[in-house]
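Engineer: Okay, handing you the structure first.
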Amino acid sequence: MALGGVVLAAFHAVGHAYYQDFAVPQGWGMDFPLPAELTHYVFFFVFGLAATALLTLALLGTRVPGAVRAAGHAMARRPLAASAAVGALLALVCGLLVSNVLVGGVLSDDENVYHFIAQTLRRGSLVAPSPGTDLEFFVEQFVVLTDHSRYGKYPIGFPLLLAAGQSLGLERAVVPVLTGLCALLLAWLARKEFSPTTIVLAVVLFVLSPQVLITGASLLSQPASAACLLGALGCLLARDRGDGPPVVLAAVAGALLGFGAIVRPLPGALFGVVAVAWLLVAPWWGRRRAALAEWAALLVPLAVGPAVLLWTNLRQSGHPLESGYNTLHGPVIVLYGSFPQAAMSLVSSLVRLDFWMLGWPLSLAACLFARRTPATILMWGMVAAEVAYRFIAPKAGIGTAGPLYFYEVVPLLCLLTADGLAHLASRLRIPVMARAGAVAGGGDLIAAVLVAATVVNLTLFLPFKLGDLARAGQGQQVVFRALRDKDIHHALVFHRGTVPPTTGLSWAYYPRPNSPTLDDDVLFVVLQSEPGRMGSNLEFWKRRFPDRQAWVFDWEPQTGPTLVPLPMFLSALEPAARARETSDGAGLGNGRH
């Protein structure tokens with residue numbers, strides 16, 4: 001135990017002395033993990049594995065493994081009730097992370113766009129009114145802007161849930177509640193396919209996952225997509241067993257998968273393909289054959305998802321195949337990335353998943369020992385769909401919440417891991433000296449490993465990732481703290497971005513999009529900083545918003561963040577601007593651009 005403590009302390013000492021406490025820069029590295037991130041993984045693997053082994057040996061000489069097993073058996077007497085309680089605790093913890101660590105911020109600009117889409121939907125519309133003119137001032141990240149409309153680039157499935165939360169004044173509770181719901185749905189789908197002890201262990205692993213905890217504090221859509229997948233899988237497995245009206249169960253599965261496609265078209269559509277394939281091959285695995293009515297019940301609601309997407313595109317862009325994503329980024333085709341991008345997309349996601357899923361040095365190892373049953377075959381099919389998604393839309397993604405694009409199958413992998421550990425516990429007989437000279441059985445050994453690995457997660461992995469989360473939240477709140485400190489209200493704030501990528505603080509570079517009706521207390525507009533255009537900012541303010549105060553928020557690497565009145569900002573730049581214009585004029589006279 002003492003040696004294990006030394007290893008834990010040594011890891012923190014190494015990080016503090018040589019690697020800036022393993023802080024990972026945020027805001028760049030969309031296609032590959034950054035060196036700082038990989039450095040943390042390498043040293044976590046070495047120190048974490050050593051600490052896990054030492055703590056496991058120490059714990060085998062105590063009553064802890066037996067107490068853990070007894071607690072697991074007690075929870076397993078009522079696995080659904082225990083999972084509901086643990087899920088509620090998970091939702092509460094995620095909510096505390098929102099308020100106390102992320103301080104109400106977001107991880108990326110995408111989340112701000114979800115908020116804007118939800119605001120638009122609450123008005124009963126798919127598009128917000130356009131400002132009409134001066135569009136260059138109203139450009140916003142991931143928002144399509146034309147002379148007649150504004151709308152976010154993402155589908156409306158997840159924003160519909162946020163809109164419900166907004167109407168209750170509980171928008172930031174939506175994702176924590178969905179995350180807790182996933183814990184209950186995981187236990188529900190596994191209730192007759194796995195032992196009660198395995199179910200409880202899977203839920204506990206899910207709750208302790210660093211990826212689940214941090215994603216649960218965001219406004220990202222992955223937890224909603226995961227809830228749809230878990231509910232659909234539970235219905236499909238219940239249909240296979242004949243646990244209810246098969247047509248009804250198939251219809252609910254189809255509806256959940258269809259809504260999942262509206263939440264996240266990819267991988268949602270791929271999950272639908274796997275579900276259809278499962279109904280075709282299920283009889284080979286001893287499951288009941290689907291009748292024609294069941295096929296119709298599954299496929300009709302499943303098709304509603306793509307139909308809603310096409311209808312949304314038509315209402316927004318005027319063409320059913322022209323999504324907001326296409327409008328902003330151009331045509332998107334399958335396998336649009338280069339070969340290195342596709343390779344890195346899969347490898348980086350798997351590397352991250354191996355650490356983030358459980359916060360263990362080898363998080364994925366135990367799931368490989370899961371039994372081969374019809375239920376696990378279906379789950380592996382969904383995992384394969386997620387892998388295919390990594391090739392179809394290759395990117396590593398933001399690393400603040402880990403392997404974001406594998407989130408939907410993390411609950412399934414936790415269940416497979418629990419089943420693999422249970423399988424190992426029933427077979428292992430390793431002669432490790434335990435308390436009072438006895439030989440430890442597989443159950444005690446697995447329990448000791450679980451406790452040791454959880455200690456490693458809570459000391460060597462999760463704290464450093466929460467540090468990255470806190471820095472992201474604090475960075476994004478800089479502009480809002482400045483506004484509060486100066487007690488600024490009913491204002492117009494010109495900006496060129498609120499968190500520059502060069503700071504390495506956040507993937508949310510820009511402020512939240514203005515409300516659909518442009519009636520926020522503080523409106524954000526883009527500062528026109530090109531040579532010869534500075535004066536247009538003053539003219540725009542006086543013409544469009546003369547009743548508001550005008551400020552400029554800027555964040556230069558040399559001076560840091562500043563918030564000053566627009567006239568003061570322009571007066572300070574005037575001599576430099578005149579010098580640049582003179583220089584540009586001389587350059588044009590010499591034939592240079």
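Chain labels A, B, ... are given in the sequence in which chains occur in the structure tokens; within each chain residues are numbered consecutively from 1, and ligands are likewise numbered from 1 in the order shown.
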At a cut-off of 8 Å, using only C-alpha atoms, what residues contact range 191-206 of chain A? Leave out same-chain residues fewer than 2 positions from it and give the result as an MDAnalysis selection string.
Structural biologist: chainID A and resid 72:73 75:80 82:83 86 183:184 186:189 208:209 212 358 375 410:411 414:419 422
Engineer: Considering only C-alpha atoms, return as a PyMOL selection string whatever protein or nucleic-acid residues lie within 8 Å of Ala128 in chain A, sequence-local ones (same chain, fewer than 6 positions apart) excluded.
Structural biologist: chain A and resi 120+149-151+516-517
Engineer: Hey, can you spit out that residue selection with N, CA, C and O atoms as a PDB file, in the first residue's frame?
Structural biologist:
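Result file again25.pdb:
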ATOM      1  N   THR A 120     -34.922  29.085 -31.315  1.00  0.00           N
ATOM      2  CA  THR A 120     -35.702  29.265 -32.540  1.00  0.00           C
ATOM      3  C   THR A 120     -36.923  28.353 -32.549  1.00  0.00           C
ATOM      4  O   THR A 120     -38.034  28.766 -32.910  1.00  0.00           O
ATOM      5  N   SER A 149     -33.010  34.817 -43.578  1.00  0.00           N
ATOM      6  CA  SER A 149     -33.157  33.874 -42.457  1.00  0.00           C
ATOM      7  C   SER A 149     -31.832  33.634 -41.751  1.00  0.00           C
ATOM      8  O   SER A 149     -30.746  33.908 -42.289  1.00  0.00           O
ATOM      9  N   ARG A 150     -31.949  33.091 -40.526  1.00  0.00           N
ATOM     10  CA  ARG A 150     -30.822  32.595 -39.738  1.00  0.00           C
ATOM     11  C   ARG A 150     -31.219  31.228 -39.185  1.00  0.00           C
ATOM     12  O   ARG A 150     -32.325  31.061 -38.687  1.00  0.00           O
ATOM     13  N   TYR A 151     -30.307  30.268 -39.255  1.00  0.00           N
ATOM     14  CA  TYR A 151     -30.587  28.966 -38.642  1.00  0.00           C
ATOM     15  C   TYR A 151     -29.282  28.222 -38.408  1.00  0.00           C
ATOM     16  O   TYR A 151     -28.304  28.391 -39.126  1.00  0.00           O
ATOM     17  N   PRO A 516     -32.922  34.712 -31.441  1.00  0.00           N
ATOM     18  CA  PRO A 516     -33.579  34.829 -32.752  1.00  0.00           C
ATOM     19  C   PRO A 516     -34.144  36.210 -33.038  1.00  0.00           C
ATOM     20  O   PRO A 516     -34.186  36.645 -34.195  1.00  0.00           O
ATOM     21  N   THR A 517     -34.554  36.926 -32.006  1.00  0.00           N
ATOM     22  CA  THR A 517     -35.151  38.248 -32.219  1.00  0.00           C
ATOM     23  C   THR A 517     -34.177  39.390 -31.935  1.00  0.00           C
ATOM     24  O   THR A 517     -34.570  40.562 -31.931  1.00  0.00           O
TER      25      THR A 517
END
Engineer: Considering only C-alpha atoms, can you say which of A:Leu126, A:Ser108, A:Trp295, A:Leu236 comes closest to Ser221 in chain A?
Structural biologist: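 Comparing A:Leu126, A:Ser108, A:Trp295, A:Leu236 against Ser221 in chain A, the winner is A:Ser108.
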Engineer: Go ahead and compute the interatomic distance for CA of Pro283 in chain A and CA of Phe271 in chain A, in Å to one decimal.
Structural biologist: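 About the pair CA of Pro283 in chain A and CA of Phe271 in chain A: they are 19.5 Å apart.
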Engineer: Range 242-251 of chain A: which residues within 6 Å, counting only C-alpha atoms, same-chain residues fewer than 6 positions away excluded, as a short mmCIF file (atom, residue, chain, number, x, y, z; two decimals) with N, CA and C atoms, in the first residue's frame?
Structural biologist:
data_model
loop_
_atom_site.label_atom_id
_atom_site.label_comp_id
_atom_site.auth_asym_id
_atom_site.auth_seq_id
_atom_site.Cartn_x
_atom_site.Cartn_y
_atom_site.Cartn_z
N CYS A 235 -35.77 -2.63 -26.36
CA CYS A 235 -37.00 -3.07 -27.03
C CYS A 235 -36.72 -4.24 -27.97
N GLU A 294 -44.29 -6.80 -37.73
CA GLU A 294 -43.16 -6.29 -36.94
C GLU A 294 -42.20 -5.49 -37.82
N ALA A 297 -43.76 -2.22 -38.37
CA ALA A 297 -43.73 -1.42 -37.14
C ALA A 297 -42.35 -0.83 -36.89
N LEU A 298 -41.30 -1.54 -37.26
CA LEU A 298 -39.94 -1.03 -37.08
C LEU A 298 -39.58 0.00 -38.14
#
Engineer: Which residue out of A:Val449, A:Arg172, A:Ala227, A:Asn100 has the minimum interatomic distance to Leu60 in chain A when only C-alpha atoms are used?
Structural biologist: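 Going through A:Val449, A:Arg172, A:Ala227, A:Asn100 one by one, the smallest distance to Leu60 in chain A is for A:Val449.
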Engineer: What separation in Å, quoted to one decimal, exists between CA of Val7 in chain A and CA of Gly48 in chain A?
Structural biologist: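 Taking CA of Val7 in chain A and CA of Gly48 in chain A, their separation equals 8.1 Å.
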Engineer: Would you mind writing down, as a list of chain:residue names, each residue of range 402-512 of chain A that DSSP on the backbone assigns to strand (DSSP E)?
Structural biologist: A:Ala491, A:Leu492, A:Val493, A:Phe494, A:His495
Engineer: Those selected residues, please, written with C-alpha atoms and delivered as a PDB file, in the first residue's frame.
Structural biologist:
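Produced file selection.pdb, reproduced below:
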ATOM      1  CA  ALA A 491     -25.029  46.935 -24.866  1.00  0.00           C
ATOM      2  CA  LEU A 492     -23.531  46.102 -28.240  1.00  0.00           C
ATOM      3  CA  VAL A 493     -20.192  44.272 -27.994  1.00  0.00           C
ATOM      4  CA  PHE A 494     -17.928  44.141 -31.041  1.00  0.00           C
ATOM      5  CA  HIS A 495     -15.506  41.201 -31.126  1.00  0.00           C
TER       6      HIS A 495
END
Engineer: Using only C-alpha atoms, find the one residue out of A:Ser125, A:Asn514, A:Gln316, A:Gln474 that sits nearest to Ala163 in chain A.
Structural biologist: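 Of A:Ser125, A:Asn514, A:Gln316, A:Gln474, the one nearest Ala163 in chain A, counting only C-alpha atoms, is A:Ser125.
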Engineer: Determine the nearest neighbour of Leu566 in chain A from the options A:Phe339, A:Cys94, A:Asp547, A:Trp541, counting only C-alpha atoms.
Structural biologist: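 That would be A:Trp541, the residue with the smallest distance to Leu566 in chain A.
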Engineer: Within 12 Å of Gln558 in chain A, counting only C-alpha atoms, which residues qualify if same-chain residues fewer than 3 places away don't, as a PyMOL selection string?
Structural biologist: chain A and resi 502-503+554-555+561-562
Engineer: Name the closest residue to Pro374 in chain A among the candidates A:Phe355, A:Phe461, A:Phe406, A:Trp284; distances are taken between atoms, counting only C-alpha atoms.
Structural biologist: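 For Pro374 in chain A, the nearest of the given residues is A:Trp284.
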Engineer: Using DSSP on the backbone coordinates, identify the residues of range 410-477 of chain A assigned to alpha helix (DSSP H); present them as a PyMOL selection string.
Structural biologist: chain A and resi 410-427+442-456+462-476
Engineer: What does the distance between CA of Val106 in chain A and CA of Leu162 in chain A come to in Å, to one decimal place?
Structural biologist: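 Here the two named atoms are 14.1 Å from each other.
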